[in-house]
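Working notes for the structure below.
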Amino acid sequence: MTADPIVFLPGLACDARVFLPQIVRLCAAHPVQVIVPRGESVEQMSSAVLAAAPPRFVLVGQGLGGDVALDVIRRDLGRVIRVALISTDPLAEPPGLAAARETRMVAARAGRLRDALAQDYPMSAFAETPWRDDVLSLVADMGIGLGEGVYLRQARALQRRPDQQKTLRRAMLPALILAGAQDTVIPVRRQDFAATLMPFGTLKVIENAGQLPSLEQPDAVTDALASFFAGPLLLR
């Protein structure tokens, strides 16, 4: 019997490589699909995911990908078997943060995409591991590779993302929230709030990790996902 297919949704300026350690291990047991969020809004992005995904699937979203995952659940909960959200903020972006994001978007339009990425993913948002510089280098490489156009559309979608508290409360499915203990961009308390709102939500804090635990502590994240995927399902 084939295991449930997994759809991975990378976050802002990230491609499949943000989940590469997890894909390498999990693809032996699960069909895997990676969908980079594309569109002018979270709603357009979730619509594209539903058009490309299998009839029923497991969702793993990181950052913006987590916001898109929540909108997929809002639109068609029946197709999602379980969901894992990594470094995901379920609330609308506050005006002050939206204004700061606008400044980064102006920089990207002016040809300073690398500078904008460095502000979106500051060193302070990552744990002090021996491989932190490698993670930051990969983040820059992913963002430059996707290009200014993708960055601007994704940033605008984050800036205008909907508040998904109602979706969280109605999400009657197994849900795992993975938060980096040292994440200064989306603090653990915000992600704990999301887990608390979900009827079957569980928070797991990844130690020695920040904004991108899938790269900072790949084994811990993969182990958590594998255990979650093997857990009981809800009869709906």
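All residue names refer to the structure tokens as shown: chains lettered A, B, ... in order, residues numbered from 1 in each chain, ligands numbered from 1 in order.
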
Using only C-alpha atoms, which protein or nucleic acid residues come within 9 Å of Pro174 of chain A? Drop anything in the same chain fewer than 3 positions from it, and give the result as a list of chain:residue names.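 So, after excluding close chain neighbours, the residues are A:Ile81, A:Arg82, A:Val83, A:Ala84, A:Ala171, A:Met198, A:Pro199, A:Phe200, A:Gly201, A:Thr202, A:Phe228, A:Gly231, A:Pro232, A:Leu233, A:Leu234.
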
All residues 10 Å or closer to Tyr151 of chain A, only C-alpha atoms, same chain fewer than 6 positions away omitted, as a list of chain:residue names: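 The residues that qualify are A:Leu12, A:Ala13, A:Cys14, A:Arg38, A:Met105, A:Ala108, A:Arg109, A:Leu113, A:Ala116, A:Leu117, A:Gly143, A:Ile144, A:Ala157.
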
May I have the selected residues written with C-alpha atoms, as a compact mmCIF listing (two decimals), in the first residue's frame?
# COMPACT_ATOMS: atom_id res chain seq x y z
CA LEU A 12 9.55 33.30 1.01
CA ALA A 13 12.30 33.14 -1.63
CA CYS A 14 12.89 29.43 -0.98
CA ARG A 38 3.34 31.55 -7.11
CA MET A 105 10.52 45.40 -1.75
CA ALA A 108 14.59 44.50 -4.50
CA ARG A 109 13.09 46.60 -7.31
CA LEU A 113 17.55 41.70 -3.95
CA ALA A 116 16.45 42.53 0.85
CA LEU A 117 16.92 38.81 1.46
CA GLY A 143 16.25 33.76 -3.49
CA ILE A 144 18.55 34.98 -6.28
CA ALA A 157 1.27 38.07 -0.60

Just how far from atom CA of Gly11 of chain A is atom CA of Ala52 of chain A, in Å to one decimal?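 Those two atoms sit 17.6 Å apart.
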
I'd like the neighbourhood of Val106 of chain A as a VMD selection string, where a residue qualifies if any of its atoms comes within 12 Å (using only C-alpha atoms), though same-chain residues fewer than 6 positions away should be ignored. chain A and resid 99 to 100 112 to 113 115 to 116 148 151 to 152 155 to 156

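Nearest to Leu203 of chain A of all the residues A:Val80, A:Leu9, A:Ala110, A:Leu85 is A:Leu85, based on only C-alpha atoms.
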
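Residues lying within 12 Å of Pro54 of chain A, counting only C-alpha atoms and ignoring same-chain neighbours fewer than 5 positions away, are Asp4, Pro5, Ile6, Val7, Pro31, Val32, Gln33, Val34, Ile35, Val49, Leu59, Arg79, Val80 and Ile81 of chain A.
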
Serialized selection, all heavy atoms, as a compact mmCIF listing (two decimals), in the first residue's frame:
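What ended up in out.txt:
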# COMPACT_ATOMS: atom_id res chain seq x y z
N ASP A 4 0.80 7.98 2.08
CA ASP A 4 0.16 9.23 1.66
C ASP A 4 1.16 10.14 0.97
O ASP A 4 2.29 10.30 1.43
CB ASP A 4 -0.40 9.96 2.89
CG ASP A 4 -1.45 9.15 3.62
OD1 ASP A 4 -2.25 8.50 2.94
OD2 ASP A 4 -1.47 9.19 4.87
N PRO A 5 0.75 10.77 -0.15
CA PRO A 5 1.66 11.73 -0.81
C PRO A 5 1.83 12.98 0.04
O PRO A 5 0.91 13.41 0.74
CB PRO A 5 0.92 12.05 -2.12
CG PRO A 5 -0.50 11.72 -1.87
CD PRO A 5 -0.51 10.60 -0.87
N ILE A 6 3.04 13.54 -0.03
CA ILE A 6 3.37 14.76 0.72
C ILE A 6 3.55 15.91 -0.27
O ILE A 6 4.29 15.78 -1.25
CB ILE A 6 4.66 14.60 1.53
CG1 ILE A 6 4.56 13.39 2.48
CG2 ILE A 6 4.95 15.86 2.33
CD1 ILE A 6 5.89 13.05 3.14
N VAL A 7 2.90 17.03 0.00
CA VAL A 7 3.10 18.25 -0.77
C VAL A 7 3.84 19.24 0.12
O VAL A 7 3.34 19.64 1.17
CB VAL A 7 1.77 18.85 -1.25
CG1 VAL A 7 2.00 20.20 -1.94
CG2 VAL A 7 1.06 17.89 -2.20
N PRO A 31 5.30 9.36 -1.84
CA PRO A 31 5.42 10.22 -3.03
C PRO A 31 5.54 11.67 -2.58
O PRO A 31 4.84 12.09 -1.65
CB PRO A 31 4.09 9.98 -3.78
CG PRO A 31 3.53 8.73 -3.20
CD PRO A 31 4.00 8.65 -1.80
N VAL A 32 6.43 12.42 -3.21
CA VAL A 32 6.72 13.79 -2.77
C VAL A 32 6.53 14.76 -3.93
O VAL A 32 6.94 14.49 -5.06
CB VAL A 32 8.16 13.88 -2.22
CG1 VAL A 32 8.57 15.33 -2.03
CG2 VAL A 32 8.28 13.13 -0.90
N GLN A 33 5.93 15.88 -3.63
CA GLN A 33 5.76 16.96 -4.59
C GLN A 33 6.10 18.28 -3.92
O GLN A 33 5.71 18.52 -2.77
CB GLN A 33 4.30 16.99 -5.10
CG GLN A 33 4.00 18.03 -6.17
CD GLN A 33 2.56 17.94 -6.67
OE1 GLN A 33 1.79 17.11 -6.21
NE2 GLN A 33 2.21 18.79 -7.61
N VAL A 34 6.85 19.13 -4.60
CA VAL A 34 7.19 20.45 -4.08
C VAL A 34 6.53 21.49 -4.97
O VAL A 34 6.70 21.47 -6.20
CB VAL A 34 8.72 20.68 -4.04
CG1 VAL A 34 9.02 22.08 -3.51
CG2 VAL A 34 9.40 19.62 -3.20
N ILE A 35 5.79 22.39 -4.36
CA ILE A 35 5.12 23.46 -5.11
C ILE A 35 5.57 24.79 -4.54
O ILE A 35 5.26 25.13 -3.39
CB ILE A 35 3.58 23.34 -5.03
CG1 ILE A 35 3.11 21.98 -5.56
CG2 ILE A 35 2.92 24.48 -5.82
CD1 ILE A 35 1.61 21.76 -5.42
N VAL A 49 -2.17 25.47 -5.70
CA VAL A 49 -1.79 24.23 -5.03
C VAL A 49 -2.88 23.19 -5.19
O VAL A 49 -2.62 22.02 -5.53
CB VAL A 49 -1.51 24.48 -3.54
CG1 VAL A 49 -1.37 23.17 -2.77
CG2 VAL A 49 -0.25 25.31 -3.37
N LEU A 59 0.13 17.96 3.86
CA LEU A 59 0.71 19.28 3.57
C LEU A 59 1.81 19.60 4.57
O LEU A 59 1.63 19.43 5.78
CB LEU A 59 -0.37 20.36 3.66
CG LEU A 59 -1.04 20.84 2.38
CD1 LEU A 59 -2.09 21.91 2.72
CD2 LEU A 59 -0.05 21.41 1.39
N ARG A 79 -9.56 17.41 1.38
CA ARG A 79 -8.47 16.80 0.62
C ARG A 79 -7.18 16.67 1.43
O ARG A 79 -6.26 15.97 1.02
CB ARG A 79 -8.19 17.62 -0.65
CG ARG A 79 -9.29 17.48 -1.70
CD ARG A 79 -9.00 18.33 -2.92
NE ARG A 79 -7.75 17.96 -3.57
CZ ARG A 79 -7.21 18.63 -4.59
NH1 ARG A 79 -7.83 19.72 -5.03
NH2 ARG A 79 -6.09 18.23 -5.13
N VAL A 80 -7.10 17.37 2.56
CA VAL A 80 -5.86 17.39 3.35
C VAL A 80 -5.97 16.36 4.47
O VAL A 80 -6.86 16.44 5.32
CB VAL A 80 -5.59 18.79 3.91
CG1 VAL A 80 -4.26 18.80 4.66
CG2 VAL A 80 -5.57 19.83 2.78
N ILE A 81 -5.04 15.40 4.48
CA ILE A 81 -5.06 14.31 5.46
C ILE A 81 -4.51 14.78 6.80
O ILE A 81 -5.04 14.46 7.86
CB ILE A 81 -4.23 13.12 4.93
CG1 ILE A 81 -4.83 12.63 3.60
CG2 ILE A 81 -4.17 12.00 5.96
CD1 ILE A 81 -3.92 11.69 2.84

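Between Ile186 of chain A and the residues A:Gly63, A:Pro94, A:Pro213, A:Pro55, the shortest atom-to-atom distance, using only C-alpha atoms, involves A:Gly63.
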
Could you check which of A:Pro21, A:Gly180, A:Pro122, A:Gly65 is closest to Thr222 of chain A, using only C-alpha atoms?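 Using only C-alpha atoms, the shortest distance to Thr222 of chain A belongs to A:Pro21.
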
So which bits of segment 45-188 of chain A end up helix (DSSP H, G or I) when you DSSP the backbone, as a ChimeraX atom specification? /A:45-52,64-79,95-109,113-120,123-125,132-146,148-159,165-170,188

Long-range neighbours of Ala29 of chain A as a PyMOL selection string, 12 Å cut-off, only C-alpha atoms, 5 positions minimum in chain: chain A and resi 1-6+22-24+226+229-230

Interatomic distance, atom CA of Gln191 of chain A to atom CA of Asp76 of chain A (Å, one decimal):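 Computing it gives 22.6 Å between the two atoms.
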
Distance query Ala125 of chain A at most 6 Å, only C-alpha atoms, self and fewer than 5 positions along chain excluded, as a ChimeraX atom specification: /A:183-184,210-211

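Using only C-alpha atoms, the contacts of segment 158-170 of chain A at a cut-off of 7 Å, with sequence neighbours closer than 2 positions omitted, comprise Val42, Leu64, Leu70, Arg74, Pro90, Leu91, Ala92, Glu93, Ala98, Gln154, Ala155, Arg156, Met172, Ala194, Leu197, Met198 and Pro199 of chain A.
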
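Using only C-alpha atoms for every distance, the candidate list A:Leu215, A:Val60, A:Leu77, A:Val185 yields A:Leu215 as the residue closest to Asp134 of chain A.
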
Residues of segment 55-224 of chain A in strand (DSSP E) according to DSSP, as JSON, numbers by chain? {"A": [57, 58, 59, 60, 61, 62, 80, 81, 82, 83, 84, 85, 86, 175, 176, 177, 178, 179, 180, 201, 202, 203, 204, 205, 206]}

Kindly save the residues from that selection, with N, CA and C atoms included, as a compact mmCIF listing (two decimals), in the first residue's frame.
# COMPACT_ATOMS: atom_id res chain seq x y z
N PHE A 57 -3.85 14.44 0.23
CA PHE A 57 -2.42 14.60 0.45
C PHE A 57 -2.14 15.15 1.84
N VAL A 58 -0.88 15.01 2.24
CA VAL A 58 -0.35 15.62 3.45
C VAL A 58 0.31 16.93 3.05
N LEU A 59 0.13 17.96 3.86
CA LEU A 59 0.71 19.28 3.57
C LEU A 59 1.81 19.60 4.57
N VAL A 60 2.93 20.09 4.05
CA VAL A 60 4.01 20.61 4.89
C VAL A 60 4.35 21.99 4.36
N GLY A 61 4.08 23.02 5.14
CA GLY A 61 4.34 24.39 4.71
C GLY A 61 5.29 25.10 5.64
N GLN A 62 6.18 25.89 5.06
CA GLN A 62 7.18 26.66 5.82
C GLN A 62 7.00 28.14 5.53
N VAL A 80 -7.10 17.37 2.56
CA VAL A 80 -5.86 17.39 3.35
C VAL A 80 -5.97 16.36 4.47
N ILE A 81 -5.04 15.40 4.48
CA ILE A 81 -5.06 14.31 5.46
C ILE A 81 -4.51 14.78 6.80
N ARG A 82 -3.42 15.52 6.76
CA ARG A 82 -2.80 16.10 7.95
C ARG A 82 -1.92 17.25 7.49
N VAL A 83 -1.53 18.12 8.42
CA VAL A 83 -0.75 19.30 8.04
C VAL A 83 0.35 19.54 9.05
N ALA A 84 1.53 19.93 8.55
CA ALA A 84 2.64 20.37 9.39
C ALA A 84 3.01 21.79 8.97
N LEU A 85 3.06 22.68 9.94
CA LEU A 85 3.39 24.08 9.70
C LEU A 85 4.71 24.41 10.38
N ILE A 86 5.65 24.94 9.62
CA ILE A 86 6.98 25.25 10.12
C ILE A 86 7.20 26.76 10.04
N ALA A 175 -2.47 18.03 13.25
CA ALA A 175 -1.64 19.19 12.89
C ALA A 175 -0.42 19.25 13.79
N LEU A 176 0.73 19.45 13.16
CA LEU A 176 2.00 19.58 13.87
C LEU A 176 2.58 20.96 13.58
N ILE A 177 2.93 21.69 14.63
CA ILE A 177 3.56 23.00 14.50
C ILE A 177 5.01 22.85 14.93
N LEU A 178 5.94 23.14 14.02
CA LEU A 178 7.36 23.05 14.31
C LEU A 178 7.94 24.47 14.38
N ALA A 179 8.52 24.80 15.53
CA ALA A 179 9.07 26.14 15.75
C ALA A 179 10.52 26.04 16.18
N GLY A 180 11.37 26.87 15.58
CA GLY A 180 12.76 26.96 16.00
C GLY A 180 12.84 27.74 17.32
N GLY A 201 -3.99 20.31 17.31
CA GLY A 201 -2.66 20.87 17.07
C GLY A 201 -1.67 20.51 18.16
N THR A 202 -0.44 20.23 17.76
CA THR A 202 0.65 19.93 18.69
C THR A 202 1.86 20.77 18.33
N LEU A 203 2.42 21.44 19.30
CA LEU A 203 3.63 22.23 19.09
C LEU A 203 4.86 21.41 19.45
N LYS A 204 5.86 21.44 18.58
CA LYS A 204 7.16 20.86 18.90
C LYS A 204 8.21 21.93 18.64
N VAL A 205 8.97 22.24 19.67
CA VAL A 205 10.03 23.24 19.55
C VAL A 205 11.34 22.53 19.19
N ILE A 206 11.98 22.99 18.13
CA ILE A 206 13.25 22.43 17.67
C ILE A 206 14.38 23.23 18.30

Residue with the minimum atom-to-atom distance to Ser227 of chain A, picked from A:Glu207, A:Ser87, A:Leu26, A:Val72 with only C-alpha atoms counted, is A:Leu26

For His30 of chain A, which of A:Ala107, A:Ala209, A:Leu225, A:Leu50 is the closest residue, counting only C-alpha atoms? A:Leu225
